[in-house]
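Shown below: input-v4.cif, with mmCIF, C-alpha atoms and all ligand atoms; chains and numbers go by the auth columns.
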```cif
data_coords
loop_
_atom_site.group_PDB
_atom_site.id
_atom_site.type_symbol
_atom_site.label_atom_id
_atom_site.label_comp_id
_atom_site.label_asym_id
_atom_site.label_seq_id
_atom_site.Cartn_x
_atom_site.Cartn_y
_atom_site.Cartn_z
_atom_site.B_iso_or_equiv
_atom_site.auth_seq_id
_atom_site.auth_asym_id
ATOM 1 C CA MET A 1 5.014 -79.349 -31.238 0.00 1 A
ATOM 2 C CA VAL A 2 7.811 -81.420 -29.833 0.00 2 A
ATOM 3 C CA ASP A 3 8.333 -81.433 -26.074 0.00 3 A
ATOM 4 C CA THR A 4 12.072 -82.017 -26.059 0.00 4 A
ATOM 5 C CA HIS A 5 12.435 -82.766 -22.343 0.00 5 A
ATOM 6 C CA VAL A 6 10.048 -84.853 -20.228 0.00 6 A
ATOM 7 C CA HIS A 7 10.188 -87.369 -17.388 0.00 7 A
ATOM 8 C CA LEU A 8 6.894 -89.199 -17.879 0.00 8 A
ATOM 9 C CA SER A 9 8.358 -92.405 -16.433 0.00 9 A
ATOM 10 C CA MET A 10 8.360 -90.811 -12.987 0.00 10 A
ATOM 11 C CA LYS A 11 5.833 -92.028 -10.456 0.00 11 A
ATOM 12 C CA ASP A 12 4.010 -88.680 -10.687 0.00 12 A
ATOM 13 C CA PHE A 13 2.436 -90.082 -13.855 0.00 13 A
ATOM 14 C CA ASP A 14 1.599 -93.589 -12.631 0.00 14 A
ATOM 15 C CA GLU A 15 -2.139 -92.820 -12.620 0.00 15 A
ATOM 16 C CA ASP A 16 -2.539 -91.357 -16.078 0.00 16 A
ATOM 17 C CA ARG A 17 0.630 -91.870 -18.120 0.00 17 A
ATOM 18 C CA GLU A 18 -1.101 -93.726 -20.968 0.00 18 A
ATOM 19 C CA GLU A 19 -3.967 -91.248 -21.033 0.00 19 A
ATOM 20 C CA ILE A 20 -1.519 -88.367 -21.438 0.00 20 A
ATOM 21 C CA VAL A 21 0.247 -90.090 -24.325 0.00 21 A
ATOM 22 C CA ASN A 22 -3.076 -90.951 -25.960 0.00 22 A
ATOM 23 C CA HIS A 23 -3.964 -87.237 -25.956 0.00 23 A
ATOM 24 C CA PHE A 24 -0.797 -86.146 -27.743 0.00 24 A
ATOM 25 C CA ASP A 25 -2.509 -85.698 -31.139 0.00 25 A
ATOM 26 C CA GLU A 26 -5.338 -83.662 -29.618 0.00 26 A
ATOM 27 C CA ASP A 27 -2.853 -81.535 -27.695 0.00 27 A
ATOM 28 C CA GLY A 28 -0.764 -80.836 -30.777 0.00 28 A
ATOM 29 C CA ILE A 29 2.210 -82.890 -29.627 0.00 29 A
ATOM 30 C CA GLU A 30 4.054 -84.756 -32.397 0.00 30 A
ATOM 31 C CA PHE A 31 6.463 -86.480 -30.070 0.00 31 A
ATOM 32 C CA VAL A 32 8.346 -86.043 -26.800 0.00 32 A
ATOM 33 C CA VAL A 33 11.839 -86.979 -25.649 0.00 33 A
ATOM 34 C CA GLU A 34 11.781 -88.972 -22.417 0.00 34 A
ATOM 35 C CA VAL A 35 15.004 -88.080 -20.616 0.00 35 A
ATOM 36 C CA GLY A 36 16.881 -90.359 -18.227 0.00 36 A
ATOM 37 C CA TYR A 37 18.775 -89.002 -15.221 0.00 37 A
ATOM 38 C CA ASN A 38 20.296 -92.168 -13.733 0.00 38 A
ATOM 39 C CA MET A 39 20.774 -95.782 -14.854 0.00 39 A
ATOM 40 C CA GLU A 40 17.330 -96.903 -13.745 0.00 40 A
ATOM 41 C CA SER A 41 15.423 -94.033 -15.368 0.00 41 A
ATOM 42 C CA SER A 42 17.483 -94.408 -18.537 0.00 42 A
ATOM 43 C CA LYS A 43 16.378 -98.034 -18.829 0.00 43 A
ATOM 44 C CA ARG A 44 12.784 -97.003 -18.166 0.00 44 A
ATOM 45 C CA ALA A 45 13.034 -94.280 -20.816 0.00 45 A
ATOM 46 C CA VAL A 46 14.159 -96.812 -23.423 0.00 46 A
ATOM 47 C CA GLU A 47 11.373 -99.267 -22.564 0.00 47 A
ATOM 48 C CA PHE A 48 8.790 -96.493 -22.603 0.00 48 A
ATOM 49 C CA ALA A 49 9.974 -95.322 -26.026 0.00 49 A
ATOM 50 C CA LEU A 50 10.018 -98.824 -27.476 0.00 50 A
ATOM 51 C CA SER A 51 6.340 -99.295 -26.653 0.00 51 A
ATOM 52 C CA HIS A 52 5.069 -95.865 -27.829 0.00 52 A
ATOM 53 C CA SER A 53 5.473 -94.417 -31.309 0.00 53 A
ATOM 54 C CA GLN A 54 5.440 -90.782 -30.120 0.00 54 A
ATOM 55 C CA ILE A 55 8.087 -91.256 -27.441 0.00 55 A
ATOM 56 C CA TYR A 56 11.827 -91.110 -28.055 0.00 56 A
ATOM 57 C CA SER A 57 14.425 -91.481 -25.342 0.00 57 A
ATOM 58 C CA ALA A 58 17.629 -89.954 -24.063 0.00 58 A
ATOM 59 C CA ILE A 59 19.878 -91.885 -21.724 0.00 59 A
ATOM 60 C CA GLY A 60 22.385 -90.502 -19.272 0.00 60 A
ATOM 61 C CA VAL A 61 23.228 -89.666 -15.683 0.00 61 A
ATOM 62 C CA HIS A 62 22.351 -86.257 -14.195 0.00 62 A
ATOM 63 C CA PRO A 63 25.022 -84.439 -12.169 0.00 63 A
ATOM 64 C CA HIS A 64 22.872 -84.900 -9.040 0.00 64 A
ATOM 65 C CA ASP A 65 23.018 -88.662 -9.509 0.00 65 A
ATOM 66 C CA VAL A 66 26.597 -89.311 -10.615 0.00 66 A
ATOM 67 C CA LYS A 67 27.741 -89.898 -7.039 0.00 67 A
ATOM 68 C CA THR A 68 25.705 -93.125 -6.961 0.00 68 A
ATOM 69 C CA LEU A 69 27.394 -94.649 -10.023 0.00 69 A
ATOM 70 C CA HIS A 70 29.303 -97.886 -9.676 0.00 70 A
ATOM 71 C CA GLY A 71 30.611 -100.682 -11.852 0.00 71 A
ATOM 72 C CA ASP A 72 30.965 -100.348 -15.591 0.00 72 A
ATOM 73 C CA TRP A 73 28.054 -97.969 -16.042 0.00 73 A
ATOM 74 C CA ILE A 74 29.466 -96.467 -19.234 0.00 74 A
ATOM 75 C CA SER A 75 29.352 -99.873 -20.941 0.00 75 A
ATOM 76 C CA MET A 76 25.796 -100.277 -19.744 0.00 76 A
ATOM 77 C CA LEU A 77 24.855 -96.919 -21.256 0.00 77 A
ATOM 78 C CA ARG A 78 26.600 -97.903 -24.468 0.00 78 A
ATOM 79 C CA MET A 79 24.585 -101.109 -24.622 0.00 79 A
ATOM 80 C CA LEU A 80 21.341 -99.249 -23.946 0.00 80 A
ATOM 81 C CA SER A 81 22.150 -96.794 -26.718 0.00 81 A
ATOM 82 C CA LYS A 82 21.858 -99.585 -29.279 0.00 82 A
ATOM 83 C CA ASN A 83 18.065 -99.385 -29.034 0.00 83 A
ATOM 84 C CA LYS A 84 16.822 -97.621 -32.106 0.00 84 A
ATOM 85 C CA LYS A 85 14.666 -95.117 -30.229 0.00 85 A
ATOM 86 C CA VAL A 86 17.554 -93.667 -28.253 0.00 86 A
ATOM 87 C CA VAL A 87 18.110 -90.258 -29.847 0.00 87 A
ATOM 88 C CA ALA A 88 20.437 -88.543 -27.372 0.00 88 A
ATOM 89 C CA ILE A 89 22.769 -88.814 -24.397 0.00 89 A
ATOM 90 C CA GLY A 90 21.268 -86.878 -21.484 0.00 90 A
ATOM 91 C CA GLU A 91 20.615 -85.322 -19.256 0.00 91 A
ATOM 92 C CA ILE A 92 24.245 -84.767 -18.384 0.00 92 A
ATOM 93 C CA GLY A 93 26.214 -81.780 -17.154 0.00 93 A
ATOM 94 C CA LEU A 94 27.270 -79.852 -14.083 0.00 94 A
ATOM 95 C CA ASP A 95 25.115 -78.458 -11.279 0.00 95 A
ATOM 96 C CA TYR A 96 26.996 -76.171 -8.896 0.00 96 A
ATOM 97 C CA TYR A 97 23.779 -74.692 -7.559 0.00 97 A
ATOM 98 C CA ARG A 98 22.714 -77.728 -5.596 0.00 98 A
ATOM 99 C CA ASP A 99 26.074 -79.514 -5.581 0.00 99 A
ATOM 100 C CA LEU A 100 24.439 -82.853 -4.812 0.00 100 A
ATOM 101 C CA SER A 101 27.511 -84.710 -6.106 0.00 101 A
ATOM 102 C CA PRO A 102 31.131 -83.646 -5.471 0.00 102 A
ATOM 103 C CA ARG A 103 32.286 -81.388 -8.316 0.00 103 A
ATOM 104 C CA ALA A 104 35.252 -83.590 -9.225 0.00 104 A
ATOM 105 C CA ILE A 105 32.901 -86.529 -9.761 0.00 105 A
ATOM 106 C CA GLN A 106 30.476 -84.348 -11.705 0.00 106 A
ATOM 107 C CA LYS A 107 33.229 -83.291 -14.097 0.00 107 A
ATOM 108 C CA GLU A 108 34.647 -86.769 -14.530 0.00 108 A
ATOM 109 C CA SER A 109 31.284 -88.396 -15.279 0.00 109 A
ATOM 110 C CA PHE A 110 30.275 -85.529 -17.548 0.00 110 A
ATOM 111 C CA GLU A 111 33.422 -85.976 -19.579 0.00 111 A
ATOM 112 C CA LYS A 112 32.937 -89.744 -19.849 0.00 112 A
ATOM 113 C CA GLN A 113 29.404 -89.278 -21.140 0.00 113 A
ATOM 114 C CA LEU A 114 30.509 -86.635 -23.626 0.00 114 A
ATOM 115 C CA GLU A 115 33.068 -89.099 -24.965 0.00 115 A
ATOM 116 C CA LEU A 116 30.325 -91.683 -25.271 0.00 116 A
ATOM 117 C CA ALA A 117 28.091 -89.255 -27.197 0.00 117 A
ATOM 118 C CA GLU A 118 31.004 -88.398 -29.449 0.00 118 A
ATOM 119 C CA ASN A 119 31.768 -92.049 -30.143 0.00 119 A
ATOM 120 C CA LEU A 120 28.134 -92.878 -30.809 0.00 120 A
ATOM 121 C CA ASN A 121 27.585 -89.714 -32.831 0.00 121 A
ATOM 122 C CA LEU A 122 24.511 -88.904 -30.730 0.00 122 A
ATOM 123 C CA PRO A 123 23.473 -85.395 -29.650 0.00 123 A
ATOM 124 C CA VAL A 124 23.631 -84.446 -25.979 0.00 124 A
ATOM 125 C CA ILE A 125 21.107 -82.871 -23.617 0.00 125 A
ATOM 126 C CA PHE A 126 22.881 -80.631 -21.109 0.00 126 A
ATOM 127 C CA HIS A 127 21.742 -79.852 -17.596 0.00 127 A
ATOM 128 C CA ILE A 128 23.959 -76.951 -16.515 0.00 128 A
ATOM 129 C CA ARG A 129 23.283 -74.819 -13.479 0.00 129 A
ATOM 130 C CA ASP A 130 25.621 -72.111 -12.166 0.00 130 A
ATOM 131 C CA ALA A 131 28.435 -73.884 -14.016 0.00 131 A
ATOM 132 C CA TYR A 132 28.392 -72.561 -17.583 0.00 132 A
ATOM 133 C CA LEU A 133 32.099 -71.685 -17.608 0.00 133 A
ATOM 134 C CA ASP A 134 33.355 -75.043 -16.341 0.00 134 A
ATOM 135 C CA ALA A 135 30.916 -76.900 -18.573 0.00 135 A
ATOM 136 C CA ARG A 136 32.145 -74.982 -21.584 0.00 136 A
ATOM 137 C CA GLU A 137 35.775 -75.860 -20.869 0.00 137 A
ATOM 138 C CA ILE A 138 34.893 -79.554 -20.836 0.00 138 A
ATOM 139 C CA ILE A 139 32.532 -79.448 -23.820 0.00 139 A
ATOM 140 C CA LYS A 140 35.077 -77.578 -25.976 0.00 140 A
ATOM 141 C CA LYS A 141 37.296 -80.649 -25.979 0.00 141 A
ATOM 142 C CA HIS A 142 34.615 -82.743 -27.651 0.00 142 A
ATOM 143 C CA ASP A 143 33.027 -82.794 -31.048 0.00 143 A
ATOM 144 C CA VAL A 144 29.377 -82.937 -30.031 0.00 144 A
ATOM 145 C CA ARG A 145 26.086 -81.275 -30.915 0.00 145 A
ATOM 146 C CA GLY A 146 23.112 -80.855 -28.628 0.00 146 A
ATOM 147 C CA VAL A 147 20.866 -78.635 -26.534 0.00 147 A
ATOM 148 C CA VAL A 148 21.312 -76.684 -23.319 0.00 148 A
ATOM 149 C CA HIS A 149 18.135 -77.754 -21.570 0.00 149 A
ATOM 150 C CA SER A 150 16.163 -75.143 -19.607 0.00 150 A
ATOM 151 C CA PHE A 151 18.767 -72.496 -20.342 0.00 151 A
ATOM 152 C CA ASN A 152 19.123 -69.933 -17.558 0.00 152 A
ATOM 153 C CA GLY A 153 22.506 -68.295 -18.130 0.00 153 A
ATOM 154 C CA THR A 154 23.722 -64.921 -19.338 0.00 154 A
ATOM 155 C CA LEU A 155 23.685 -63.544 -22.881 0.00 155 A
ATOM 156 C CA GLU A 156 27.421 -64.323 -23.076 0.00 156 A
ATOM 157 C CA ASP A 157 26.740 -67.938 -22.084 0.00 157 A
ATOM 158 C CA ALA A 158 24.046 -68.178 -24.743 0.00 158 A
ATOM 159 C CA LYS A 159 26.318 -66.697 -27.401 0.00 159 A
ATOM 160 C CA ASP A 160 29.135 -69.088 -26.509 0.00 160 A
ATOM 161 C CA PHE A 161 26.895 -72.122 -26.769 0.00 161 A
ATOM 162 C CA LEU A 162 25.376 -70.864 -30.007 0.00 162 A
ATOM 163 C CA SER A 163 28.833 -70.345 -31.476 0.00 163 A
ATOM 164 C CA MET A 164 29.685 -73.934 -30.567 0.00 164 A
ATOM 165 C CA GLY A 165 26.627 -74.990 -32.553 0.00 165 A
ATOM 166 C CA PHE A 166 24.250 -75.861 -29.728 0.00 166 A
ATOM 167 C CA TYR A 167 20.528 -75.326 -29.466 0.00 167 A
ATOM 168 C CA ILE A 168 19.026 -73.510 -26.496 0.00 168 A
ATOM 169 C CA GLY A 169 16.121 -75.148 -24.643 0.00 169 A
ATOM 170 C CA VAL A 170 13.310 -72.899 -23.423 0.00 170 A
ATOM 171 C CA GLY A 171 10.859 -74.052 -20.767 0.00 171 A
ATOM 172 C CA GLY A 172 8.782 -72.958 -17.788 0.00 172 A
ATOM 173 C CA ILE A 173 11.414 -70.751 -16.174 0.00 173 A
ATOM 174 C CA ALA A 174 11.240 -68.328 -19.097 0.00 174 A
ATOM 175 C CA THR A 175 7.521 -67.807 -18.400 0.00 175 A
ATOM 176 C CA TYR A 176 7.955 -66.772 -14.766 0.00 176 A
ATOM 177 C CA LYS A 177 7.237 -63.237 -13.712 0.00 177 A
ATOM 178 C CA LYS A 178 10.798 -62.604 -12.537 0.00 178 A
ATOM 179 C CA SER A 179 12.424 -63.874 -15.742 0.00 179 A
ATOM 180 C CA ASP A 180 12.517 -60.594 -17.687 0.00 180 A
ATOM 181 C CA THR A 181 16.271 -60.841 -18.234 0.00 181 A
ATOM 182 C CA LEU A 182 16.035 -64.405 -19.478 0.00 182 A
ATOM 183 C CA ARG A 183 13.213 -63.443 -21.858 0.00 183 A
ATOM 184 C CA GLN A 184 15.340 -60.592 -23.187 0.00 184 A
ATOM 185 C CA ILE A 185 18.218 -63.026 -23.814 0.00 185 A
ATOM 186 C CA ILE A 186 15.960 -65.549 -25.520 0.00 186 A
ATOM 187 C CA SER A 187 14.569 -62.882 -27.832 0.00 187 A
ATOM 188 C CA GLU A 188 18.127 -62.332 -29.105 0.00 188 A
ATOM 189 C CA ILE A 189 18.678 -65.979 -30.033 0.00 189 A
ATOM 190 C CA PRO A 190 17.940 -66.973 -33.640 0.00 190 A
ATOM 191 C CA ILE A 191 14.601 -68.797 -33.676 0.00 191 A
ATOM 192 C CA ASP A 192 16.096 -71.667 -35.662 0.00 192 A
ATOM 193 C CA ARG A 193 18.306 -72.475 -32.659 0.00 193 A
ATOM 194 C CA LEU A 194 15.540 -72.755 -30.050 0.00 194 A
ATOM 195 C CA LEU A 195 13.829 -75.866 -28.742 0.00 195 A
ATOM 196 C CA ILE A 196 10.747 -75.909 -26.509 0.00 196 A
ATOM 197 C CA GLU A 197 10.320 -78.195 -23.506 0.00 197 A
ATOM 198 C CA THR A 198 8.413 -78.699 -20.269 0.00 198 A
ATOM 199 C CA ASP A 199 10.699 -80.830 -18.040 0.00 199 A
ATOM 200 C CA SER A 200 7.455 -82.487 -16.865 0.00 200 A
ATOM 201 C CA PRO A 201 6.602 -83.049 -14.021 0.00 201 A
ATOM 202 C CA TYR A 202 8.733 -80.035 -13.031 0.00 202 A
ATOM 203 C CA LEU A 203 8.676 -76.333 -13.921 0.00 203 A
ATOM 204 C CA PHE A 204 4.975 -75.799 -14.501 0.00 204 A
ATOM 205 C CA PRO A 205 4.824 -72.695 -16.713 0.00 205 A
ATOM 206 C CA ARG A 206 3.061 -69.491 -15.864 0.00 206 A
ATOM 207 C CA MET A 207 0.080 -69.629 -18.155 0.00 207 A
ATOM 208 C CA PRO A 208 -1.390 -66.717 -20.073 0.00 208 A
ATOM 209 C CA LYS A 209 -4.461 -65.388 -18.183 0.00 209 A
ATOM 210 C CA ARG A 210 -7.026 -66.540 -20.717 0.00 210 A
ATOM 211 C CA HIS A 211 -5.979 -70.175 -20.244 0.00 211 A
ATOM 212 C CA VAL A 212 -6.716 -70.348 -16.531 0.00 212 A
ATOM 213 C CA PRO A 213 -9.665 -72.751 -16.283 0.00 213 A
ATOM 214 C CA GLN A 214 -12.761 -71.111 -14.774 0.00 214 A
ATOM 215 C CA GLU A 215 -14.197 -74.233 -13.208 0.00 215 A
ATOM 216 C CA ASN A 216 -10.956 -75.360 -11.640 0.00 216 A
ATOM 217 C CA PRO A 217 -8.859 -72.267 -11.163 0.00 217 A
ATOM 218 C CA ILE A 218 -5.246 -73.152 -10.607 0.00 218 A
ATOM 219 C CA SER A 219 -3.064 -70.194 -9.871 0.00 219 A
ATOM 220 C CA ARG A 220 -1.121 -68.888 -12.850 0.00 220 A
ATOM 221 C CA ASN A 221 2.147 -69.569 -11.086 0.00 221 A
ATOM 222 C CA VAL A 222 1.741 -72.539 -8.843 0.00 222 A
ATOM 223 C CA ARG A 223 5.191 -73.932 -9.326 0.00 223 A
ATOM 224 C CA GLY A 224 4.272 -77.065 -7.452 0.00 224 A
ATOM 225 C CA HIS A 225 1.582 -77.971 -9.977 0.00 225 A
ATOM 226 C CA ARG A 226 2.424 -81.055 -12.022 0.00 226 A
ATOM 227 C CA ASN A 227 3.643 -80.128 -15.471 0.00 227 A
ATOM 228 C CA GLU A 228 2.586 -82.081 -18.575 0.00 228 A
ATOM 229 C CA PRO A 229 3.716 -82.103 -22.215 0.00 229 A
ATOM 230 C CA LYS A 230 0.539 -80.291 -23.326 0.00 230 A
ATOM 231 C CA TYR A 231 1.663 -77.173 -21.441 0.00 231 A
ATOM 232 C CA VAL A 232 4.601 -76.826 -23.829 0.00 232 A
ATOM 233 C CA ARG A 233 2.025 -74.741 -25.698 0.00 233 A
ATOM 234 C CA PHE A 234 2.545 -71.918 -23.190 0.00 234 A
ATOM 235 C CA VAL A 235 6.262 -71.909 -23.950 0.00 235 A
ATOM 236 C CA ALA A 236 5.505 -71.736 -27.679 0.00 236 A
ATOM 237 C CA GLU A 237 3.076 -68.877 -26.973 0.00 237 A
ATOM 238 C CA LEU A 238 5.797 -67.017 -25.116 0.00 238 A
ATOM 239 C CA LEU A 239 8.092 -67.371 -28.141 0.00 239 A
ATOM 240 C CA SER A 240 5.296 -66.204 -30.376 0.00 240 A
ATOM 241 C CA VAL A 241 5.139 -62.984 -28.323 0.00 241 A
ATOM 242 C CA LEU A 242 8.926 -62.549 -28.029 0.00 242 A
ATOM 243 C CA PHE A 243 9.496 -63.043 -31.752 0.00 243 A
ATOM 244 C CA ALA A 244 6.254 -61.388 -32.907 0.00 244 A
ATOM 245 C CA MET A 245 5.518 -64.435 -35.028 0.00 245 A
ATOM 246 C CA PRO A 246 2.285 -66.405 -35.442 0.00 246 A
ATOM 247 C CA PHE A 247 1.952 -69.342 -33.040 0.00 247 A
ATOM 248 C CA GLU A 248 1.749 -71.802 -35.955 0.00 248 A
ATOM 249 C CA GLU A 249 5.041 -70.537 -37.298 0.00 249 A
ATOM 250 C CA ILE A 250 6.704 -71.068 -33.904 0.00 250 A
ATOM 251 C CA GLU A 251 5.254 -74.590 -33.796 0.00 251 A
ATOM 252 C CA LYS A 252 6.580 -75.347 -37.246 0.00 252 A
ATOM 253 C CA ILE A 253 10.078 -73.964 -36.696 0.00 253 A
ATOM 254 C CA THR A 254 10.692 -75.459 -33.248 0.00 254 A
ATOM 255 C CA THR A 255 9.366 -78.845 -34.398 0.00 255 A
ATOM 256 C CA GLN A 256 11.756 -78.798 -37.334 0.00 256 A
ATOM 257 C CA ASN A 257 14.608 -77.771 -35.011 0.00 257 A
ATOM 258 C CA ALA A 258 13.874 -80.783 -32.791 0.00 258 A
ATOM 259 C CA ARG A 259 13.654 -83.106 -35.795 0.00 259 A
ATOM 260 C CA ASP A 260 16.980 -81.809 -37.102 0.00 260 A
ATOM 261 C CA LEU A 261 18.799 -82.221 -33.792 0.00 261 A
ATOM 262 C CA PHE A 262 17.423 -85.628 -32.828 0.00 262 A
ATOM 263 C CA ASP A 263 17.235 -86.898 -36.425 0.00 263 A
ATOM 264 C CA VAL A 264 13.613 -87.992 -36.027 0.00 264 A
HETATM 265 ZN ZN ZN B . 15.023 -82.925 -16.657 0.00 301 A
#
```

I need this file expressed as structure tokens, please.
Amino acid sequence: MVDTHVHLSMKDFDEDREEIVNHFDEDGIEFVVEVGYNMESSKRAVEFALSHSQIYSAIGVHPHDVKTLHGDWISMLRMLSKNKKVVAIGEIGLDYYRDLSPRAIQKESFEKQLELAENLNLPVIFHIRDAYLDAREIIKKHDVRGVVHSFNGTLEDAKDFLSMGFYIGVGGIATYKKSDTLRQIISEIPIDRLLIETDSPYLFPRMPKRHVPQENPISRNVRGHRNEPKYVRFVAELLSVLFAMPFEEIEKITTQNARDLFDV
């Protein structure tokens, strides 16, 4: 499997980061995409990828963080992108749910980063929350490909993004008890347009009952629990149920989808 969205450079993993990466083969992980969300984390993502064969990196500034930008940050991103293990620009987008940066600044920085992706011919990783319409208006003006990470919109949103050629990212949210509508939407998306992800350390998935460890029972929906790339398996299992396909087939297809998008 490919976990297409992780933040292993975060301090949450300071104790066991290397151990987690060393277990990738055992856990069925071919590679992960370490995603930046500001200038600092983008640099860390690149360094992390350069020193680990199964890590690739995405660089970009999250809508929450764009208000802190200063100087010629776009040139700095462009320079960073020259590293051969940078496979995408992200995560970038609009977040009107938390509105941690003024919307005008969110839009302006989003557009600048889309232009960068277009110029570099790199795919994009979108973070869009409660802003699918505005995001679409901006994206339409650019010739880019990419993935809507942790998709949580309507069927119409999904169809629009699919028609523009984008992949849809499925993660922990789709496993939650209350996500029946989202699961219904996902089941209507062609399987060759889906990517799986964890967003580690966030969005710990609700695990199927049989996976709850007996000796150390963690609740099936402790959202605060630290997520890890190996739990991307539970997202793949969900797809296996939704699409009535063998787990191995889901692994194969979503891995190929990730390889196609990120050209790995
Ligand atoms: Zn993320």

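Closest to Ile250 in chain A among A:Tyr167, A:Phe234, A:Trp73, A:Tyr56 is A:Phe234, based on all atoms listed in the file.
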
Could you work out how far CA of Val147 in chain A lies from CA of Gly71 in chain A, giving the answer in Å with one decimal? 28.2 Å

Taking (4.4, -68.6, -31.4) in the coordinates of the supplied file, I want to know which residues reach to within 7 Å of it, counting all atoms listed in the file; could you give the answer as an NGL selection string? :A and (236-241 or 245-251)

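When the PyMOL selection byres (((not hetatm)) within 10 of (chain A and resi 301)) is evaluated against the file, it yields Thr4, His5, Val6, His7, Glu34, Val35, Gly36, Tyr37, His62, Gly90, Glu91, Ile92, Ile125, Phe126, His127, His149, Ser150, Glu197, Thr198, Asp199, Ser200, Pro201, Tyr202 and Leu203 of chain A.
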
Report, in Å to a single decimal, how far apart CA of Asp192 in chain A and CA of Ala244 in chain A are.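 A separation of 14.5 Å between them.
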